[in-house]
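Raw contents of protein.txt, compact mmCIF, C-alpha atoms:
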```txt
# COMPACT_ATOMS: atom_id res chain seq x y z
CA MET A 777 96.93 101.05 114.59
CA TYR A 778 94.52 98.38 115.75
CA GLN A 779 94.90 94.64 116.04
CA VAL A 780 92.54 91.77 115.34
CA VAL A 781 92.98 88.93 117.83
CA PHE A 782 91.40 85.49 117.64
CA SER A 783 92.25 82.13 119.16
CA GLN A 784 92.37 78.54 117.93
CA GLY A 785 92.91 75.98 120.66
CA LYS A 786 95.91 77.04 122.72
CA ARG A 787 97.39 79.19 120.01
CA ILE A 788 96.65 82.88 119.67
CA TYR A 789 97.08 84.65 116.39
CA VAL A 790 97.55 88.38 116.21
CA ILE A 791 96.97 90.01 112.86
CA SER A 792 98.15 93.58 112.48
CA GLU A 793 96.21 96.19 110.57
CA LEU A 794 98.81 96.06 107.82
CA VAL A 795 98.23 92.34 107.22
CA VAL A 796 94.46 92.85 107.15
CA LEU A 797 94.78 95.66 104.62
CA LEU A 798 97.16 93.58 102.54
CA CYS A 799 94.65 90.74 102.42
CA PHE A 800 91.92 93.10 101.29
CA LYS A 801 94.28 94.49 98.64
CA VAL A 802 95.03 91.03 97.25
CA VAL A 803 91.35 90.12 97.14
CA TRP A 804 90.53 93.43 95.43
CA GLU A 805 93.20 92.91 92.75
CA LEU A 806 91.95 89.38 92.04
CA TRP A 807 88.42 90.73 91.80
CA ASN A 808 89.56 93.33 89.24
CA LEU A 809 91.21 90.60 87.18
CA PHE A 810 87.97 88.65 87.35
CA GLN A 811 86.08 91.73 86.13
CA ILE A 812 88.10 92.05 82.95
CA GLY A 813 87.30 88.43 82.15
CA MET A 814 90.60 86.73 82.87
CA PHE A 815 88.86 84.26 85.17
CA PHE A 816 85.50 84.23 83.40
CA LYS A 817 84.47 80.59 83.68
CA ASN A 818 83.16 79.94 80.21
CA SER A 819 85.41 82.24 78.23
CA ALA A 820 88.64 81.12 76.59
CA LYS A 821 91.84 81.88 78.45
CA ALA A 822 93.20 85.30 77.64
CA VAL A 823 96.58 85.19 75.97
CA ILE A 824 99.24 87.64 77.14
CA MET A 825 101.07 88.64 74.03
CA ASN A 826 104.77 89.05 73.67
CA SER A 827 106.41 88.91 70.26
CA ALA A 828 103.37 87.12 68.87
CA CYS A 829 101.23 90.25 68.71
CA ILE A 830 101.05 92.19 65.46
CA PHE A 831 101.32 95.92 66.06
CA LYS A 832 99.29 98.41 64.08
CA GLY A 833 100.33 101.88 65.16
CA LEU A 834 99.72 101.97 68.92
CA GLY A 835 97.46 98.92 68.86
CA PHE A 836 97.74 95.28 67.90
CA SER A 837 95.76 92.53 66.21
CA PRO A 838 95.48 88.85 67.16
CA PRO A 839 95.76 86.18 64.44
CA ALA A 840 92.62 85.66 62.40
CA HIS A 841 92.27 82.07 63.65
CA SER A 842 92.36 83.05 67.35
CA HIS A 843 89.37 82.10 69.53
CA ASN A 844 90.68 83.83 72.64
CA ASP A 845 90.64 87.24 74.26
CA TRP A 846 94.01 88.89 73.69
CA ILE A 847 95.74 91.15 76.20
CA GLY A 848 98.35 93.46 74.71
CA PRO A 849 101.37 95.32 76.09
CA PRO A 850 100.79 98.36 78.34
CA ASP A 851 99.74 101.52 76.54
CA LYS A 852 102.45 104.19 76.81
CA HIS A 853 99.97 106.87 77.83
CA SER A 854 97.61 105.09 80.23
CA ASN A 855 99.88 102.18 81.32
CA LEU A 856 96.83 99.92 80.87
CA ARG A 857 96.95 96.69 78.89
CA PRO A 858 94.45 96.86 76.01
CA VAL A 859 92.19 93.86 75.44
CA ILE A 860 90.77 92.65 72.14
CA PHE A 861 87.73 90.56 72.95
CA TYR A 862 86.98 87.45 70.94
CA VAL A 863 83.65 87.61 69.11
CA PRO A 864 82.22 84.10 68.60
CA PRO A 865 80.37 83.52 65.32
CA GLU A 866 77.18 82.59 67.18
CA GLU A 867 77.33 85.33 69.80
CA SER A 868 73.96 85.78 71.50
CA PRO A 869 72.44 89.24 72.08
CA LEU A 870 73.15 88.86 75.82
CA GLU A 871 76.79 87.90 75.19
CA ARG A 872 77.13 90.88 72.87
CA ARG A 873 75.81 93.20 75.58
CA LEU A 874 78.42 91.84 77.99
CA ARG A 875 81.26 92.22 75.50
CA GLU A 876 80.22 95.76 74.58
CA ALA A 877 79.94 96.71 78.27
CA ARG A 878 83.47 95.45 78.85
CA GLN A 879 84.75 97.26 75.77
CA GLU A 880 83.09 100.48 76.87
CA ALA A 881 84.59 100.17 80.37
CA GLN A 882 88.02 99.60 78.85
CA ALA A 883 87.66 102.65 76.58
CA CYS A 884 86.61 104.86 79.52
CA ASN A 885 89.56 103.66 81.59
CA GLN A 886 91.93 104.31 78.71
CA ARG A 887 90.67 107.88 78.25
CA PHE A 888 90.75 108.70 81.96
CA TRP A 889 94.20 107.36 82.76
CA ALA A 890 95.83 108.64 79.57
CA ARG A 891 94.53 112.14 80.33
CA HIS A 892 95.38 111.81 84.04
CA ASN A 893 98.95 110.67 83.39
CA ARG A 894 99.60 113.42 80.85
CA THR A 895 98.38 116.02 83.35
CA PHE A 896 100.47 114.47 86.13
CA HIS A 897 103.73 114.48 84.15
CA GLN A 898 103.14 117.99 82.82
CA GLU A 899 102.41 119.48 86.24
CA LYS A 900 105.30 117.54 87.76
CA GLU A 901 107.74 119.03 85.25
CA GLU A 902 106.33 122.52 85.82
CA PHE A 903 106.65 122.10 89.59
CA ILE A 904 110.27 120.94 89.36
CA TYR A 905 111.13 123.79 86.98
CA SER A 906 109.58 126.43 89.24
CA ARG A 907 111.37 125.11 92.36
CA LEU A 908 114.72 124.90 90.59
CA LYS A 909 114.26 128.38 89.14
CA ALA A 910 113.49 129.76 92.61
CA LYS A 911 116.79 128.26 93.79
CA GLY A 912 118.65 129.65 90.80
CA VAL A 913 119.46 126.14 89.58
CA GLU A 914 119.41 125.16 85.91
CA MET A 915 117.32 122.22 84.70
CA ARG A 916 120.52 120.45 83.63
CA ASP A 917 124.02 120.63 85.08
CA GLU A 918 127.30 120.90 83.17
CA THR A 919 127.34 117.17 82.42
CA GLY A 920 123.84 117.29 80.94
CA GLN A 921 122.30 115.46 83.86
CA LYS A 922 118.75 116.52 84.68
CA ALA A 923 118.45 118.26 88.04
CA THR A 924 116.02 116.81 90.58
CA LEU A 925 114.37 117.76 93.84
CA ASN A 926 114.66 115.89 97.12
CA VAL A 927 111.94 113.65 98.55
CA GLU A 928 110.54 116.28 100.90
CA GLU A 929 110.13 118.80 98.09
CA MET A 930 108.43 116.29 95.78
CA ALA A 931 106.09 115.29 98.62
CA ASP A 932 104.63 118.80 98.42
CA PHE A 933 103.78 118.25 94.76
CA TYR A 934 102.22 114.83 95.30
CA LYS A 935 100.08 116.10 98.16
CA ASP A 936 98.90 119.12 96.17
CA PHE A 937 98.18 117.04 93.05
CA LEU A 938 96.11 114.48 94.97
CA SER A 939 94.19 117.24 96.71
CA LYS A 940 93.37 119.02 93.45
CA ASN A 941 92.21 115.81 91.75
CA PHE A 942 90.36 114.27 94.71
CA ARG A 943 86.88 115.02 93.34
CA LYS A 944 87.85 113.78 89.88
CA HIS A 945 89.07 110.48 91.35
CA MET A 946 85.89 110.08 93.40
CA GLU A 947 83.76 110.56 90.28
CA TYR A 948 85.90 108.05 88.41
CA ASN A 949 85.55 105.49 91.22
CA ARG A 950 81.77 105.88 91.30
CA ASP A 951 81.57 105.35 87.55
CA TRP A 952 83.95 102.38 87.76
CA TYR A 953 81.87 100.69 90.48
CA LYS A 954 78.70 101.27 88.47
CA ARG A 955 80.22 99.73 85.35
CA ASN A 956 81.59 96.79 87.35
CA PHE A 957 78.14 96.12 88.80
CA THR A 958 76.61 96.11 85.32
CA ILE A 959 79.34 93.82 83.95
CA THR A 960 79.03 91.43 86.90
CA PHE A 961 75.25 91.28 86.48
CA LEU A 962 75.60 90.53 82.76
CA MET A 963 78.27 87.90 83.47
CA GLY A 964 75.84 86.14 85.80
CA GLN A 965 73.12 86.22 83.16
CA VAL A 966 75.45 84.89 80.47
CA ALA A 967 76.71 82.10 82.77
CA LEU A 968 73.13 81.10 83.58
CA ALA A 969 72.10 81.15 79.92
CA ARG A 970 75.05 78.97 78.96
CA ALA A 971 74.35 76.52 81.79
CA LEU A 972 70.71 76.19 80.69
CA ARG A 973 71.80 75.73 77.09
CA ARG A 974 74.18 72.91 78.06
CA LEU A 975 71.46 71.32 80.18
CA ARG A 976 68.98 71.37 77.29
CA TRP A 977 71.65 69.92 74.99
CA LYS A 978 72.36 67.05 77.42
CA LYS A 979 68.66 66.28 77.84
CA LYS A 980 68.23 66.23 74.07
CA ASN A 981 71.14 63.81 73.64
CA VAL A 982 69.85 61.56 76.43
CA GLY A 983 66.42 61.52 74.82
CA ASN A 984 67.94 60.48 71.50
```

Will you turn the file into structure tokens for me?
Amino acid sequence: MYQVVFSQGKRIYVISELVVLLCFKVVWELWNLFQIGMFFKNSAKAVIMNSACIFKGLGFSPPAHSHNDWIGPPDKHSNLRPVIFYVPPEESPLERRLREARQEAQACNQRFWARHNRTFHQEKEEFIYSRLKAKGVEMRDETGQKATLNVEEMADFYKDFLSKNFRKHMEYNRDWYKRNFTITFLMGQVALARALRRLRWKKKNVGN
């Protein structure tokens, strides 16, 4: 554990490593929200749906008159909130590239985490069953309650699962960073194009 110390006048502030890491975590989460377009300057505010969303199977559909991005309830497999991106009638080729890049990133995340979570729950159940069987304990007791393992025993599973999937997570992170870089670059291009378009429009109105 290290400490970061700096002074301001007569006061001395000591920030522990935990606080520093927490700050980085908050910034990182805000950056991820920015990446999915929630804080995209020129886009409409995303609407978090509750009872207003119309479900179709596992998905949903926003109203036909909506001009916003819509964020749905968490998917039961991936735990990710699906997003339906608004497509403006006069969408430029550059704006379409940005939207499609975001849609592709969302689809990749959905596939990865749905598969990951299924594997996790399956292996977790198998681990619990094998440990209980080794103890001669049934999966359920006389009252029908499901038997569980203690924290120390489950720690063995978590450690082993993370170790086995370390390379897979590293590959996922590299792909995620690459997609984020592409999306950020396109967002900058779209923002610049929109700013220039507004500037030309203002000059035209001033000239008239």

(Q) Can you measure atom CA of Glu914 of chain A to atom CA of Lys900 of chain A for me? One decimal in Å is fine. (A)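 So the two atoms, atom CA of Glu914 of chain A and atom CA of Lys900 of chain A, lie 16.1 Å apart.
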
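With distances restricted to all atoms listed in the file, A:Leu870 is the closest residue to Gln965 of chain A from A:Trp952, A:Leu870, A:Pro839, A:Pro864.
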
One decimal place gives the atom CA of Lys852 of chain A-atom CA of Lys954 of chain A separation as 26.6 Å

**Study point:** Top pick for closest residue to Gln879 of chain A, considering A:Trp977, A:Val966, A:Ile860, A:Leu925 and counting all atoms listed in the file
**Key:**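 For Gln879 of chain A, the nearest of the candidates is A:Ile860.
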
>> What's the separation between atom CA of Glu929 of chain A and atom CA of Arg891 of chain A, in Å to one decimal place?
In response: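 Result for atom CA of Glu929 of chain A versus atom CA of Arg891 of chain A: 24.6 Å, one decimal.
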
*Find the residues around His892 of chain A up to 12 Å (only C-alpha atoms counted), leave out those fewer than 5 positions away in its own chain, and share them as a list of chain:residue names.*
A:His853, A:Ser854, A:Asn855, A:Asn885, A:Gln886, A:Arg887, A:His897, A:Gln898, A:Glu899, A:Phe937, A:Leu938, A:Asn941, A:Lys944, A:His945, A:Tyr948

Would you output segment 951-962 of chain A from that structure, restricted to all heavy atoms, as a PDB file, in the first residue's frame?
```
ATOM      1  N   ASP A 951      -9.756  -6.327 -27.840  1.00  0.00           N
ATOM      2  CA  ASP A 951     -10.758  -6.050 -28.871  1.00  0.00           C
ATOM      3  C   ASP A 951     -11.647  -4.881 -28.463  1.00  0.00           C
ATOM      4  O   ASP A 951     -11.996  -4.028 -29.291  1.00  0.00           O
ATOM      5  CB  ASP A 951     -11.606  -7.301 -29.112  1.00  0.00           C
ATOM      6  CG  ASP A 951     -12.667  -7.086 -30.175  1.00  0.00           C
ATOM      7  OD1 ASP A 951     -12.287  -6.933 -31.351  1.00  0.00           O
ATOM      8  OD2 ASP A 951     -13.872  -7.068 -29.841  1.00  0.00           O
ATOM      9  N   TRP A 952     -11.992  -4.825 -27.165  1.00  0.00           N
ATOM     10  CA  TRP A 952     -12.856  -3.754 -26.667  1.00  0.00           C
ATOM     11  C   TRP A 952     -12.159  -2.399 -26.784  1.00  0.00           C
ATOM     12  O   TRP A 952     -12.770  -1.412 -27.198  1.00  0.00           O
ATOM     13  CB  TRP A 952     -13.234  -4.053 -25.227  1.00  0.00           C
ATOM     14  CG  TRP A 952     -14.083  -3.015 -24.546  1.00  0.00           C
ATOM     15  CD1 TRP A 952     -13.795  -2.354 -23.393  1.00  0.00           C
ATOM     16  CD2 TRP A 952     -15.362  -2.526 -24.964  1.00  0.00           C
ATOM     17  NE1 TRP A 952     -14.807  -1.486 -23.067  1.00  0.00           N
ATOM     18  CE2 TRP A 952     -15.781  -1.568 -24.018  1.00  0.00           C
ATOM     19  CE3 TRP A 952     -16.181  -2.791 -26.058  1.00  0.00           C
ATOM     20  CZ2 TRP A 952     -16.993  -0.887 -24.131  1.00  0.00           C
ATOM     21  CZ3 TRP A 952     -17.394  -2.104 -26.165  1.00  0.00           C
ATOM     22  CH2 TRP A 952     -17.783  -1.177 -25.209  1.00  0.00           C
ATOM     23  N   TYR A 953     -10.875  -2.335 -26.430  1.00  0.00           N
ATOM     24  CA  TYR A 953     -10.130  -1.081 -26.546  1.00  0.00           C
ATOM     25  C   TYR A 953     -10.037  -0.645 -28.010  1.00  0.00           C
ATOM     26  O   TYR A 953     -10.163   0.544 -28.338  1.00  0.00           O
ATOM     27  CB  TYR A 953      -8.719  -1.237 -25.968  1.00  0.00           C
ATOM     28  CG  TYR A 953      -8.691  -1.479 -24.484  1.00  0.00           C
ATOM     29  CD1 TYR A 953      -7.734  -2.321 -23.908  1.00  0.00           C
ATOM     30  CD2 TYR A 953      -9.628  -0.883 -23.633  1.00  0.00           C
ATOM     31  CE1 TYR A 953      -7.711  -2.557 -22.548  1.00  0.00           C
ATOM     32  CE2 TYR A 953      -9.604  -1.113 -22.276  1.00  0.00           C
ATOM     33  CZ  TYR A 953      -8.643  -1.951 -21.735  1.00  0.00           C
ATOM     34  OH  TYR A 953      -8.630  -2.179 -20.377  1.00  0.00           O
ATOM     35  N   LYS A 954      -9.823  -1.613 -28.894  1.00  0.00           N
ATOM     36  CA  LYS A 954      -9.707  -1.297 -30.317  1.00  0.00           C
ATOM     37  C   LYS A 954     -11.028  -0.717 -30.848  1.00  0.00           C
ATOM     38  O   LYS A 954     -11.036   0.271 -31.584  1.00  0.00           O
ATOM     39  CB  LYS A 954      -9.333  -2.556 -31.094  1.00  0.00           C
ATOM     40  CG  LYS A 954      -9.003  -2.319 -32.554  1.00  0.00           C
ATOM     41  CD  LYS A 954      -8.767  -3.627 -33.292  1.00  0.00           C
ATOM     42  CE  LYS A 954      -7.641  -4.423 -32.649  1.00  0.00           C
ATOM     43  NZ  LYS A 954      -7.380  -5.684 -33.387  1.00  0.00           N
ATOM     44  N   ARG A 955     -12.128  -1.349 -30.456  1.00  0.00           N
ATOM     45  CA  ARG A 955     -13.435  -0.850 -30.904  1.00  0.00           C
ATOM     46  C   ARG A 955     -13.726   0.522 -30.306  1.00  0.00           C
ATOM     47  O   ARG A 955     -14.289   1.389 -30.980  1.00  0.00           O
ATOM     48  CB  ARG A 955     -14.536  -1.844 -30.494  1.00  0.00           C
ATOM     49  CG  ARG A 955     -14.490  -3.153 -31.253  1.00  0.00           C
ATOM     50  CD  ARG A 955     -15.636  -4.078 -30.831  1.00  0.00           C
ATOM     51  NE  ARG A 955     -15.512  -5.373 -31.470  1.00  0.00           N
ATOM     52  CZ  ARG A 955     -15.911  -5.632 -32.707  1.00  0.00           C
ATOM     53  NH1 ARG A 955     -16.474  -4.670 -33.425  1.00  0.00           N
ATOM     54  NH2 ARG A 955     -15.766  -6.835 -33.234  1.00  0.00           N
ATOM     55  N   ASN A 956     -13.375   0.723 -29.039  1.00  0.00           N
ATOM     56  CA  ASN A 956     -13.586   2.028 -28.409  1.00  0.00           C
ATOM     57  C   ASN A 956     -12.797   3.126 -29.116  1.00  0.00           C
ATOM     58  O   ASN A 956     -13.268   4.251 -29.269  1.00  0.00           O
ATOM     59  CB  ASN A 956     -13.188   1.976 -26.932  1.00  0.00           C
ATOM     60  CG  ASN A 956     -14.347   1.535 -26.051  1.00  0.00           C
ATOM     61  OD1 ASN A 956     -15.486   1.504 -26.483  1.00  0.00           O
ATOM     62  ND2 ASN A 956     -14.054   1.185 -24.824  1.00  0.00           N
ATOM     63  N   PHE A 957     -11.568   2.800 -29.514  1.00  0.00           N
ATOM     64  CA  PHE A 957     -10.750   3.786 -30.214  1.00  0.00           C
ATOM     65  C   PHE A 957     -11.407   4.168 -31.539  1.00  0.00           C
ATOM     66  O   PHE A 957     -11.480   5.355 -31.894  1.00  0.00           O
ATOM     67  CB  PHE A 957      -9.351   3.222 -30.474  1.00  0.00           C
ATOM     68  CG  PHE A 957      -8.451   4.167 -31.232  1.00  0.00           C
ATOM     69  CD1 PHE A 957      -7.805   5.198 -30.580  1.00  0.00           C
ATOM     70  CD2 PHE A 957      -8.273   4.027 -32.606  1.00  0.00           C
ATOM     71  CE1 PHE A 957      -6.987   6.084 -31.282  1.00  0.00           C
ATOM     72  CE2 PHE A 957      -7.469   4.897 -33.312  1.00  0.00           C
ATOM     73  CZ  PHE A 957      -6.824   5.929 -32.642  1.00  0.00           C
ATOM     74  N   THR A 958     -11.890   3.168 -32.264  1.00  0.00           N
ATOM     75  CA  THR A 958     -12.556   3.440 -33.541  1.00  0.00           C
ATOM     76  C   THR A 958     -13.808   4.283 -33.336  1.00  0.00           C
ATOM     77  O   THR A 958     -14.048   5.258 -34.068  1.00  0.00           O
ATOM     78  CB  THR A 958     -12.935   2.119 -34.237  1.00  0.00           C
ATOM     79  OG1 THR A 958     -11.754   1.359 -34.480  1.00  0.00           O
ATOM     80  CG2 THR A 958     -13.642   2.377 -35.559  1.00  0.00           C
ATOM     81  N   ILE A 959     -14.620   3.921 -32.330  1.00  0.00           N
ATOM     82  CA  ILE A 959     -15.850   4.666 -32.056  1.00  0.00           C
ATOM     83  C   ILE A 959     -15.541   6.102 -31.648  1.00  0.00           C
ATOM     84  O   ILE A 959     -16.186   7.054 -32.109  1.00  0.00           O
ATOM     85  CB  ILE A 959     -16.665   3.954 -30.954  1.00  0.00           C
ATOM     86  CG1 ILE A 959     -17.238   2.642 -31.501  1.00  0.00           C
ATOM     87  CG2 ILE A 959     -17.784   4.850 -30.439  1.00  0.00           C
ATOM     88  CD1 ILE A 959     -17.893   1.772 -30.450  1.00  0.00           C
ATOM     89  N   THR A 960     -14.537   6.275 -30.788  1.00  0.00           N
ATOM     90  CA  THR A 960     -14.156   7.623 -30.354  1.00  0.00           C
ATOM     91  C   THR A 960     -13.685   8.470 -31.532  1.00  0.00           C
ATOM     92  O   THR A 960     -14.033   9.656 -31.648  1.00  0.00           O
ATOM     93  CB  THR A 960     -13.053   7.547 -29.290  1.00  0.00           C
ATOM     94  OG1 THR A 960     -13.502   6.752 -28.192  1.00  0.00           O
ATOM     95  CG2 THR A 960     -12.692   8.939 -28.774  1.00  0.00           C
ATOM     96  N   PHE A 961     -12.894   7.876 -32.414  1.00  0.00           N
ATOM     97  CA  PHE A 961     -12.403   8.589 -33.591  1.00  0.00           C
ATOM     98  C   PHE A 961     -13.565   9.013 -34.483  1.00  0.00           C
ATOM     99  O   PHE A 961     -13.623  10.158 -34.962  1.00  0.00           O
ATOM    100  CB  PHE A 961     -11.434   7.697 -34.366  1.00  0.00           C
ATOM    101  CG  PHE A 961     -10.844   8.345 -35.590  1.00  0.00           C
ATOM    102  CD1 PHE A 961      -9.920   9.374 -35.464  1.00  0.00           C
ATOM    103  CD2 PHE A 961     -11.213   7.929 -36.863  1.00  0.00           C
ATOM    104  CE1 PHE A 961      -9.375   9.985 -36.591  1.00  0.00           C
ATOM    105  CE2 PHE A 961     -10.680   8.526 -37.987  1.00  0.00           C
ATOM    106  CZ  PHE A 961      -9.763   9.557 -37.850  1.00  0.00           C
ATOM    107  N   LEU A 962     -14.525   8.109 -34.704  1.00  0.00           N
ATOM    108  CA  LEU A 962     -15.691   8.434 -35.524  1.00  0.00           C
ATOM    109  C   LEU A 962     -16.563   9.493 -34.858  1.00  0.00           C
ATOM    110  O   LEU A 962     -17.114  10.373 -35.533  1.00  0.00           O
ATOM    111  CB  LEU A 962     -16.513   7.172 -35.788  1.00  0.00           C
ATOM    112  CG  LEU A 962     -15.888   6.150 -36.732  1.00  0.00           C
ATOM    113  CD1 LEU A 962     -16.715   4.864 -36.757  1.00  0.00           C
ATOM    114  CD2 LEU A 962     -15.772   6.725 -38.145  1.00  0.00           C
TER     115      LEU A 962
END
```
